[in-house]
file target.cif (mmCIF, C-alpha atoms)
data_work
#
loop_
_atom_site.label_atom_id
_atom_site.label_comp_id
_atom_site.auth_asym_id
_atom_site.auth_seq_id
_atom_site.Cartn_x
_atom_site.Cartn_y
_atom_site.Cartn_z
CA MET B 1 -11.24 2.35 8.49
CA ASP B 2 -10.02 -0.61 6.46
CA SER B 3 -6.37 -1.51 6.16
CA SER B 4 -6.61 -2.81 2.61
CA HIS B 5 -3.52 -2.45 0.55
CA VAL B 6 -3.48 -3.98 -2.91
CA SER B 7 -6.35 -4.80 -5.26
CA GLU B 8 -6.08 -7.95 -7.31
CA ALA B 9 -9.44 -7.34 -8.94
CA GLN B 10 -8.84 -4.29 -11.11
CA HIS B 11 -8.94 -4.62 -14.87
CA ASP B 12 -5.87 -3.85 -17.01
CA ASN B 13 -3.32 -5.24 -14.57
CA ARG B 14 -1.49 -7.27 -17.20
CA PRO B 15 2.24 -6.47 -17.05
CA PRO B 16 3.30 -4.65 -20.21
CA SER B 17 5.63 -6.43 -22.58
CA GLY B 18 9.16 -5.18 -22.09
CA LEU B 19 9.34 -5.57 -18.33
CA ALA B 20 12.16 -7.84 -17.23
CA TYR B 21 12.46 -9.81 -14.01
CA PRO B 22 16.19 -10.37 -13.49
CA CYS B 23 16.05 -11.61 -9.87
CA ASP B 24 13.70 -14.61 -10.07
CA PRO B 25 13.10 -16.88 -8.25
CA ALA B 26 12.03 -15.41 -4.91
CA PRO B 27 13.81 -16.57 -1.75
CA ASP B 28 12.04 -19.08 0.45
CA ALA B 29 10.50 -17.96 3.75
CA GLY B 30 13.22 -17.56 6.38
CA GLN B 31 15.87 -17.06 3.73
CA ALA B 32 17.42 -13.98 2.10
CA ARG B 33 19.10 -13.48 -1.25
CA GLU B 34 21.44 -10.70 -2.35
CA VAL B 35 20.05 -8.88 -5.41
CA ALA B 36 22.61 -6.05 -5.46
CA PRO B 37 25.77 -5.43 -3.44
CA GLY B 38 24.67 -5.11 0.18
CA VAL B 39 20.93 -5.37 -0.67
CA TRP B 40 19.12 -8.55 0.35
CA TRP B 41 15.66 -9.73 -0.65
CA ILE B 42 13.41 -11.32 2.00
CA ARG B 43 9.96 -12.73 1.38
CA MET B 44 7.37 -13.38 4.11
CA ARG B 45 3.97 -15.01 3.96
CA LEU B 46 0.70 -13.09 4.38
CA PRO B 47 -2.68 -14.54 5.43
CA PHE B 48 -4.50 -12.88 2.52
CA ALA B 49 -5.30 -13.61 -1.11
CA LEU B 50 -2.12 -11.65 -1.83
CA ASP B 51 -0.04 -14.18 0.07
CA HIS B 52 3.40 -12.59 0.33
CA ILE B 53 5.34 -9.40 0.91
CA ASN B 54 8.89 -8.51 -0.09
CA LEU B 55 11.12 -6.94 2.55
CA TRP B 56 14.63 -5.58 2.12
CA ALA B 57 17.76 -5.65 4.27
CA LEU B 58 20.54 -3.15 3.52
CA ARG B 59 24.06 -3.43 4.86
CA ASP B 60 24.46 -0.41 7.14
CA GLY B 61 27.67 0.99 8.57
CA ALA B 62 25.98 2.91 11.37
CA GLY B 63 26.74 1.79 14.92
CA GLU B 64 29.50 -0.36 16.32
CA GLY B 65 30.41 -3.04 13.80
CA GLY B 66 27.61 -2.07 11.44
CA GLY B 67 24.55 -4.21 10.84
CA TRP B 68 21.32 -4.17 8.86
CA ALA B 69 18.87 -1.45 7.96
CA LEU B 70 15.51 -3.10 7.29
CA VAL B 71 12.88 -1.75 4.91
CA ASP B 72 9.35 -2.91 5.82
CA THR B 73 8.65 -5.60 8.37
CA GLY B 74 5.78 -8.01 7.63
CA ILE B 75 2.43 -8.33 9.36
CA GLY B 76 2.45 -8.54 13.15
CA GLY B 77 2.22 -11.97 14.75
CA ALA B 78 4.00 -15.12 15.84
CA ASP B 79 4.66 -16.40 12.30
CA ALA B 80 6.51 -13.24 11.28
CA ALA B 81 8.45 -13.22 14.56
CA ALA B 82 9.57 -16.80 13.91
CA ALA B 83 10.62 -15.89 10.37
CA TRP B 84 12.67 -12.94 11.62
CA ARG B 85 14.34 -15.09 14.27
CA ALA B 86 15.34 -17.60 11.59
CA LEU B 87 16.81 -14.80 9.49
CA PHE B 88 18.78 -13.35 12.41
CA ALA B 89 20.12 -16.82 13.18
CA GLY B 90 21.17 -17.25 9.56
CA PRO B 91 21.73 -14.88 6.65
CA LEU B 92 21.02 -11.68 8.63
CA ALA B 93 23.21 -12.52 11.63
CA GLY B 94 24.15 -9.35 13.47
CA THR B 95 22.26 -6.34 14.71
CA VAL B 96 19.56 -4.13 13.21
CA THR B 97 20.61 -0.49 13.09
CA ARG B 98 17.26 1.03 12.07
CA VAL B 99 13.89 0.09 10.64
CA PHE B 100 12.48 1.94 7.62
CA VAL B 101 8.77 1.64 6.84
CA THR B 102 7.38 2.75 3.49
CA HIS B 103 3.82 3.15 4.79
CA MET B 104 1.35 2.20 7.50
CA HIS B 105 -0.45 -0.81 6.08
CA PRO B 106 -0.11 -3.79 8.44
CA ASP B 107 1.97 -5.98 6.13
CA HIS B 108 4.57 -3.19 6.04
CA ILE B 109 4.53 -1.81 9.59
CA GLY B 110 3.20 -4.77 11.57
CA MET B 111 6.51 -5.94 13.04
CA ALA B 112 8.14 -2.50 13.32
CA GLY B 113 7.47 -2.16 17.05
CA TRP B 114 8.75 -5.68 17.72
CA LEU B 115 11.97 -5.10 15.76
CA THR B 116 12.77 -1.66 17.18
CA ARG B 117 12.32 -2.93 20.72
CA LYS B 118 14.31 -6.11 20.10
CA PHE B 119 17.33 -4.20 18.79
CA GLY B 120 16.91 -0.87 20.56
CA CYS B 121 16.89 0.98 17.24
CA ARG B 122 14.74 3.70 15.72
CA LEU B 123 11.78 3.66 13.41
CA TRP B 124 12.22 5.79 10.24
CA ILE B 125 8.88 6.71 8.66
CA SER B 126 7.09 9.73 7.20
CA ARG B 127 5.01 11.81 9.58
CA LEU B 128 1.56 11.14 8.12
CA GLU B 129 2.16 7.39 7.99
CA TYR B 130 3.22 7.31 11.64
CA LEU B 131 0.32 9.43 12.85
CA THR B 132 -2.24 7.57 10.75
CA CYS B 133 -1.01 4.27 12.13
CA ARG B 134 -1.36 5.54 15.68
CA ALA B 135 -4.89 6.79 14.97
CA LEU B 136 -6.03 3.50 13.43
CA ALA B 137 -4.52 1.44 16.24
CA ALA B 138 -6.55 3.53 18.70
CA ASP B 139 -9.76 2.13 17.13
CA THR B 140 -9.04 -1.30 18.61
CA GLY B 141 -11.86 -2.22 20.96
CA ARG B 142 -14.16 0.62 19.81
CA GLU B 143 -17.57 0.15 18.31
CA ALA B 144 -17.89 1.13 14.69
CA PRO B 145 -18.80 4.85 14.60
CA ASP B 146 -22.07 6.02 13.12
CA ASP B 147 -20.21 8.06 10.49
CA ALA B 148 -18.57 4.88 9.16
CA ILE B 149 -21.88 2.99 9.06
CA ASP B 150 -23.49 5.89 7.19
CA PHE B 151 -20.53 5.96 4.78
CA TYR B 152 -21.06 2.36 3.70
CA ARG B 153 -24.85 2.66 3.75
CA ARG B 154 -24.55 5.57 1.30
CA ALA B 155 -22.37 3.35 -0.88
CA GLY B 156 -25.20 0.83 -1.08
CA TRP B 157 -24.19 -1.84 1.42
CA SER B 158 -26.88 -4.18 2.72
CA GLU B 159 -27.73 -4.45 6.40
CA ASP B 160 -25.96 -7.83 6.53
CA ALA B 161 -22.77 -6.28 5.13
CA LEU B 162 -23.01 -3.41 7.62
CA GLU B 163 -23.38 -5.88 10.49
CA THR B 164 -20.26 -7.74 9.33
CA TYR B 165 -18.42 -4.41 9.24
CA ARG B 166 -19.49 -3.71 12.83
CA THR B 167 -18.12 -7.05 14.02
CA ARG B 168 -14.80 -6.58 12.18
CA PHE B 169 -14.23 -2.93 13.03
CA GLY B 170 -11.02 -2.12 14.87
CA GLY B 171 -9.09 -5.09 13.51
CA TYR B 172 -6.15 -2.99 12.31
CA GLY B 173 -4.55 -2.79 15.74
CA LYS B 174 -4.60 -6.58 16.05
CA MET B 175 -2.26 -6.87 13.05
CA ILE B 176 0.53 -4.64 14.36
CA TYR B 177 2.82 -4.52 17.36
CA ALA B 178 2.58 -1.28 19.33
CA LEU B 179 4.65 1.41 17.66
CA PRO B 180 7.54 3.06 19.46
CA ASP B 181 6.56 6.36 21.04
CA SER B 182 9.04 8.32 18.93
CA TYR B 183 10.34 8.05 15.40
CA ARG B 184 12.74 9.62 12.88
CA ARG B 185 10.76 11.48 10.24
CA LEU B 186 11.34 10.73 6.55
CA SER B 187 10.85 13.85 4.42
CA ASP B 188 10.40 14.08 0.67
CA GLY B 189 13.64 14.83 -1.17
CA GLU B 190 16.01 14.24 1.74
CA ASP B 191 19.14 12.15 1.24
CA ILE B 192 19.99 9.44 3.76
CA ALA B 193 23.29 7.56 4.03
CA ILE B 194 22.82 3.82 4.35
CA GLY B 195 25.90 1.61 4.17
CA GLY B 196 27.96 4.36 2.61
CA GLN B 197 25.44 4.95 -0.18
CA ARG B 198 23.04 7.85 -0.66
CA TRP B 199 19.33 6.99 -0.73
CA ARG B 200 16.79 9.68 -1.59
CA VAL B 201 13.27 9.74 -0.16
CA VAL B 202 10.53 10.11 -2.78
CA THR B 203 7.06 10.36 -1.27
CA GLY B 204 3.72 9.72 -2.94
CA ASN B 205 0.03 9.86 -2.05
CA GLY B 206 -3.15 8.05 -2.96
CA HIS B 207 -2.37 4.50 -1.90
CA SER B 208 -1.55 5.78 1.59
CA PRO B 209 -1.14 9.24 3.13
CA GLU B 210 2.62 9.82 2.64
CA HIS B 211 4.17 6.69 1.15
CA ALA B 212 7.99 6.81 1.12
CA CYS B 213 10.03 5.17 -1.66
CA LEU B 214 13.82 4.96 -1.37
CA TYR B 215 15.93 5.68 -4.47
CA CYS B 216 19.70 5.06 -4.70
CA PRO B 217 21.09 6.91 -7.75
CA GLU B 218 24.57 5.34 -7.52
CA ARG B 219 23.25 1.78 -7.54
CA ARG B 220 20.26 2.48 -9.78
CA LEU B 221 17.86 0.94 -7.26
CA LEU B 222 14.33 1.95 -6.25
CA ILE B 223 12.59 0.40 -3.25
CA SER B 224 9.05 1.17 -4.40
CA GLY B 225 6.89 -0.31 -1.63
CA ASP B 226 3.33 -0.44 -2.96
CA GLN B 227 3.64 2.72 -5.05
CA VAL B 228 4.53 0.82 -8.24
CA LEU B 229 4.02 -2.95 -8.59
CA PRO B 230 4.77 -4.96 -11.73
CA ARG B 231 1.79 -7.31 -12.03
CA ILE B 232 -0.98 -5.77 -9.90
CA SER B 233 -2.12 -2.24 -9.20
CA SER B 234 -2.03 -0.43 -5.88
CA ASN B 235 -5.32 -0.14 -4.04
CA VAL B 236 -6.47 3.49 -4.12
CA SER B 237 -9.47 3.94 -1.86
CA VAL B 238 -11.73 6.41 -0.09
CA PHE B 239 -12.36 5.67 3.61
CA PRO B 240 -15.02 6.82 6.10
CA PRO B 241 -12.98 9.54 7.90
CA GLU B 242 -12.65 11.53 4.63
CA PRO B 243 -15.58 10.62 2.39
CA ASP B 244 -14.95 13.42 -0.12
CA ALA B 245 -11.26 12.63 -0.61
CA ASN B 246 -9.80 12.38 -4.12
CA PRO B 247 -6.98 9.84 -3.70
CA LEU B 248 -7.03 8.79 -7.35
CA ALA B 249 -5.92 12.27 -8.41
CA ASP B 250 -3.21 12.10 -5.74
CA TRP B 251 -2.02 8.71 -6.97
CA LEU B 252 -1.90 9.75 -10.63
CA ALA B 253 0.09 12.86 -9.68
CA SER B 254 2.45 10.69 -7.63
CA LEU B 255 3.08 8.41 -10.61
CA GLN B 256 3.97 11.45 -12.72
CA LYS B 257 6.30 12.68 -9.98
CA LEU B 258 8.03 9.30 -9.72
CA ALA B 259 8.59 9.20 -13.48
CA ARG B 260 10.14 12.69 -13.33
CA GLU B 261 12.42 12.05 -10.38
CA VAL B 262 13.55 8.46 -10.94
CA PRO B 263 15.13 7.34 -14.25
CA ASP B 264 13.87 4.37 -16.21
CA ASP B 265 17.05 2.31 -15.85
CA VAL B 266 16.59 1.42 -12.17
CA LEU B 267 16.01 -2.03 -10.74
CA VAL B 268 12.67 -1.69 -8.96
CA LEU B 269 12.37 -3.58 -5.67
CA PRO B 270 8.58 -3.76 -5.06
CA ALA B 271 6.65 -4.94 -2.02
CA HIS B 272 4.79 -7.62 -4.01
CA ASN B 273 5.57 -9.80 -7.03
CA THR B 274 9.25 -9.73 -8.07
CA PRO B 275 11.95 -7.10 -8.80
CA PHE B 276 11.72 -5.72 -12.29
CA THR B 277 13.14 -3.26 -14.80
CA GLY B 278 11.03 -0.99 -16.99
CA LEU B 279 9.78 1.55 -14.43
CA HIS B 280 8.53 4.18 -16.87
CA GLN B 281 6.78 1.61 -19.03
CA ARG B 282 4.99 0.23 -15.99
CA ILE B 283 3.97 3.72 -14.85
CA SER B 284 2.58 4.42 -18.34
CA ALA B 285 0.62 1.17 -18.25
CA LEU B 286 -0.85 2.01 -14.83
CA GLN B 287 -1.86 5.46 -16.04
CA ALA B 288 -3.43 4.07 -19.19
CA GLY B 289 -5.27 1.36 -17.26
CA THR B 290 -6.73 3.97 -14.94
CA GLN B 291 -7.97 6.04 -17.86
CA ARG B 292 -9.60 2.98 -19.43
CA ALA B 293 -11.33 2.22 -16.13
CA LEU B 294 -12.58 5.80 -15.93
CA GLY B 295 -13.89 5.49 -19.47
CA ARG B 296 -15.90 2.40 -18.55
CA LEU B 297 -17.18 4.19 -15.45
CA ARG B 298 -18.36 7.16 -17.52
CA GLU B 299 -20.36 4.78 -19.69
CA ALA B 300 -21.89 3.11 -16.64
CA LEU B 301 -22.93 6.49 -15.21
CA ARG B 302 -25.18 7.30 -18.14
CA GLU B 303 -27.78 5.96 -15.71
CA PRO B 304 -27.71 6.77 -11.96
CA ARG B 305 -25.62 4.26 -10.00
CA ARG B 306 -24.50 3.67 -6.42
CA ALA B 307 -20.91 2.74 -5.58
CA VAL B 308 -21.87 -0.93 -5.31
CA ASP B 309 -23.42 -0.78 -8.79
CA VAL B 310 -20.18 0.14 -10.61
CA TYR B 311 -18.06 -2.84 -9.54
CA GLY B 312 -18.57 -4.42 -12.96
CA ALA B 313 -17.13 -1.38 -14.72
CA LEU B 314 -13.97 -1.42 -12.62
CA PHE B 315 -13.23 -5.01 -11.60
CA ALA B 316 -12.62 -8.20 -13.50
CA ARG B 317 -14.15 -10.66 -11.04
CA PRO B 318 -17.53 -10.60 -9.30
CA ILE B 319 -17.64 -8.68 -6.00
CA THR B 320 -20.12 -10.08 -3.48
CA GLY B 321 -20.76 -9.80 0.22
CA ALA B 322 -19.37 -13.32 0.68
CA ASP B 323 -15.85 -11.84 0.76
CA HIS B 324 -16.09 -8.86 3.08
CA GLN B 325 -12.47 -7.76 2.69
CA LEU B 326 -12.68 -7.80 -1.10
CA MET B 327 -15.97 -5.89 -1.02
CA SER B 328 -14.46 -3.28 1.30
CA MET B 329 -11.54 -2.77 -1.05
CA ALA B 330 -13.78 -2.65 -4.11
CA THR B 331 -16.08 -0.10 -2.48
CA GLY B 332 -13.14 2.11 -1.53
CA GLU B 333 -11.73 1.97 -5.05
CA SER B 334 -15.13 2.57 -6.65
CA LEU B 335 -15.57 5.67 -4.51
CA ALA B 336 -12.08 6.85 -5.43
CA HIS B 337 -12.99 6.71 -9.12
CA LEU B 338 -16.39 8.28 -8.52
CA ASN B 339 -14.95 11.11 -6.42
CA TYR B 340 -12.38 11.75 -9.15
CA LEU B 341 -15.14 12.35 -11.69
CA VAL B 342 -17.14 14.48 -9.24
CA ALA B 343 -14.07 16.62 -8.48
CA ARG B 344 -13.58 17.19 -12.21
CA GLY B 345 -17.20 18.29 -12.59
CA GLU B 346 -17.99 15.35 -14.86
CA ALA B 347 -20.31 13.58 -12.43
CA ALA B 348 -22.67 14.54 -9.61
CA ALA B 349 -23.90 12.69 -6.54
CA GLU B 350 -27.41 12.87 -5.09
CA LEU B 351 -28.41 11.55 -1.64
CA ARG B 352 -31.83 9.95 -2.07
CA GLY B 353 -34.48 8.86 0.36
CA ASP B 354 -33.07 5.31 0.50
CA GLY B 355 -29.98 6.72 2.24
CA CYS B 356 -27.72 5.99 -0.73
CA LEU B 357 -25.65 8.30 -2.88
CA TRP B 358 -26.56 7.97 -6.56
CA TYR B 359 -23.99 9.13 -9.13
CA ARG B 360 -24.55 10.18 -12.74
CA MET B 361 -22.65 11.93 -15.50
CA VAL B 362 -23.50 15.60 -15.99
CA ARG B 363 -21.23 16.31 -18.97
#
call {"tool": "encode", "arguments": {"input": "target.cif", "output": "structure tokens"}}
result
Amino acid sequence: MDSSHVSEAQHDNRPPSGLAYPCDPAPDAGQAREVAPGVWWIRMRLPFALDHINLWALRDGAGEGGGWALVDTGIGGADAAAAWRALFAGPLAGTVTRVFVTHMHPDHIGMAGWLTRKFGCRLWISRLEYLTCRALAADTGREAPDDAIDFYRRAGWSEDALETYRTRFGGYGKMIYALPDSYRRLSDGEDIAIGGQRWRVVTGNGHSPEHACLYCPERRLLISGDQVLPRISSNVSVFPPEPDANPLADWLASLQKLAREVPDDVLVLPAHNTPFTGLHQRISALQAGTQRALGRLREALREPRRAVDVYGALFARPITGADHQLMSMATGESLAHLNYLVARGEAAAELRGDGCLWYRMVR
């Protein structure tokens, strides 16, 4: 199972006019900047095309003398550990009271085990994100299962691409520190006191199993994780363990839920790019972009196509086997769009003698 998080390739990712970015510029690595009373913005580097992640430190009154509640942690490894040490020696001097994780992708949860052990504090995360992380970490050292190979063969991958997948399988666990063996569950709709302020948990699905956003009504702040990003769209993918999943429907429903439960006048603190205002406008743009992509896919499916044949309908740049990570993400997203149409009865899939699933419109 891949640990992809955000797609930079999808069409219609232009930020809508009307969004404002009141907090630019981003802090340098190893630094933190206050963007609201008691809320500090941290940025860490990532070894991917998407080369950064935003993390958040909240002043927290829990425990003797108070300290910091952290939201998301960076990818596991020596570079992130060094960045955290610099922060604790500087702007975040003090203790960490608890670690919140929005979801289980390695750039968000990678350092959670390191931080909770260093400070003897608890991990706060939704149940499905915790359990999914544990399951993926258990793949480390395993051979790629036959079901996963068949999954990508049905999508149209070549034998060379399948061999690359075999050699890379199980890499998720290498990007995270071992999780603590217990956690505090985050549940949708619950209110949590952090630093004397009430933060509400708003969960969503599609990008990950049970992604948790944190919304503070009094301060008009939303820590959105990857659920809503201002300049790129969240990766929404189908993976080998659940080949018939419909995560695109889940993600669209989650966007509608977020628009209902969180007002437009919040400052959105996203995991990538920069803080912005204009939440509802951005949600509308993401919804409209998805519908345009589905429209292009419907046109492409006038003739039978495999998942690898519809990249051009969904993505702005060429997808080739030369970039295995990008191809994995593109395949997962293509299948998410295809499964959405199949679930609606608009398209059908046929397994042919070449071992591939061929999709076509039926109405």
call {"tool": "resolve_selection", "arguments": {"input": "target.cif", "expression": "the PyMOL selection byres ((chain B and resi 253-258) around 10)", "output": "PyMOL selection string"}}
result
chain B and resi 202-207+211+213+224+227-228+247-252+259-263+279-280+282-284+286-287
call {"tool": "write_last_selection", "arguments": {"input": "target.cif", "atoms": "C-alpha atoms", "output": "mmCIF file, in the coordinates of the input"}}
result
data_model
loop_
_atom_site.group_PDB
_atom_site.id
_atom_site.type_symbol
_atom_site.label_atom_id
_atom_site.label_comp_id
_atom_site.auth_asym_id
_atom_site.auth_seq_id
_atom_site.Cartn_x
_atom_site.Cartn_y
_atom_site.Cartn_z
ATOM 1 C CA VAL B 202 10.530 10.110 -2.780
ATOM 2 C CA THR B 203 7.060 10.360 -1.270
ATOM 3 C CA GLY B 204 3.720 9.720 -2.940
ATOM 4 C CA ASN B 205 0.030 9.860 -2.050
ATOM 5 C CA GLY B 206 -3.150 8.050 -2.960
ATOM 6 C CA HIS B 207 -2.370 4.500 -1.900
ATOM 7 C CA HIS B 211 4.170 6.690 1.150
ATOM 8 C CA CYS B 213 10.030 5.170 -1.660
ATOM 9 C CA SER B 224 9.050 1.170 -4.400
ATOM 10 C CA GLN B 227 3.640 2.720 -5.050
ATOM 11 C CA VAL B 228 4.530 0.820 -8.240
ATOM 12 C CA PRO B 247 -6.980 9.840 -3.700
ATOM 13 C CA LEU B 248 -7.030 8.790 -7.350
ATOM 14 C CA ALA B 249 -5.920 12.270 -8.410
ATOM 15 C CA ASP B 250 -3.210 12.100 -5.740
ATOM 16 C CA TRP B 251 -2.020 8.710 -6.970
ATOM 17 C CA LEU B 252 -1.900 9.750 -10.630
ATOM 18 C CA ALA B 259 8.590 9.200 -13.480
ATOM 19 C CA ARG B 260 10.140 12.690 -13.330
ATOM 20 C CA GLU B 261 12.420 12.050 -10.380
ATOM 21 C CA VAL B 262 13.550 8.460 -10.940
ATOM 22 C CA PRO B 263 15.130 7.340 -14.250
ATOM 23 C CA LEU B 279 9.780 1.550 -14.430
ATOM 24 C CA HIS B 280 8.530 4.180 -16.870
ATOM 25 C CA ARG B 282 4.990 0.230 -15.990
ATOM 26 C CA ILE B 283 3.970 3.720 -14.850
ATOM 27 C CA SER B 284 2.580 4.420 -18.340
ATOM 28 C CA LEU B 286 -0.850 2.010 -14.830
ATOM 29 C CA GLN B 287 -1.860 5.460 -16.040
#
call {"tool": "closest_residue", "arguments": {"input": "target.cif", "among": "B:Arg292, B:His108, B:Arg134, B:Arg298", "to": "B:Ala178", "atoms": "only C-alpha atoms"}}
result
B:Arg134
call {"tool": "residues_around", "arguments": {"input": "target.cif", "residues": "B:Asp146", "least_positions_apart": "4", "cutoff": "12 Å", "atoms": "all atoms listed in the file", "output": "PyMOL selection string"}}
result
chain B and resi 142+150-153+162+165-166+169+240-241
call {"tool": "closest_residue", "arguments": {"input": "target.cif", "among": "B:Ser126, B:Gln31, B:Thr331, B:Gln281", "to": "B:Asp188", "atoms": "only C-alpha atoms"}}
result
B:Ser126
call {"tool": "resolve_selection", "arguments": {"input": "target.cif", "expression": "the PyMOL selection byres ((chain B and resi 71) around 12)", "output": "PyMOL selection string"}}
result
chain B and resi 39-43+53-60+68-70+72-74+96-103+107-109+111-112+115+123-125+194+212-214+222-225+269-271
call {"tool": "resolve_selection", "arguments": {"input": "target.cif", "expression": "the PyMOL selection byres ((chain B and resi 88) around 12)", "output": "list in words"}}
result
Gly30, Gln31, Ala32, Ile42, Ala57, Gly67, Trp68, Leu70, Ala81, Ala82, Ala83, Trp84, Arg85, Ala86, Leu87, Ala89, Gly90, Pro91, Leu92, Ala93, Gly94, Thr95, Val96, Leu115, Lys118 and Phe119 of chain B
call {"tool": "atom_distance", "arguments": {"input": "target.cif", "atom1": "atom CA of B:Thr132", "atom2": "atom CA of B:Gly173"}}
result
11.7 Å
call {"tool": "atom_distance", "arguments": {"input": "target.cif", "atom1": "atom CA of B:Ala155", "atom2": "atom CA of B:Ala307"}}
result
5.0 Å
call {"tool": "atom_distance", "arguments": {"input": "target.cif", "atom1": "atom CA of B:Leu229", "atom2": "atom CA of B:Pro27"}}
result
18.1 Å
call {"tool": "axis_aligned_box", "arguments": {"input": "target.cif", "around": "stretch 147-150 of chain B", "padding_each_side": "5 Å", "output": "lines of an AutoDock Vina configuration file"}}
result
center_x = -21.0
center_y = 5.5
center_z = 8.8
size_x = 14.9
size_y = 15.1
size_z = 13.3
call {"tool": "residues_around", "arguments": {"input": "target.cif", "residues": "B:Ala349", "least_positions_apart": "3", "cutoff": "9 Å", "atoms": "all atoms listed in the file", "output": "list in words"}}
result
Pro304, Leu338, Val342, Leu357, Trp358, Tyr359 and Arg360 of chain B
call {"tool": "closest_residue", "arguments": {"input": "target.cif", "among": "B:Tyr21, B:Phe276, B:Trp114, B:Tyr130", "to": "B:Ser182", "atoms": "all atoms listed in the file"}}
result
B:Tyr130
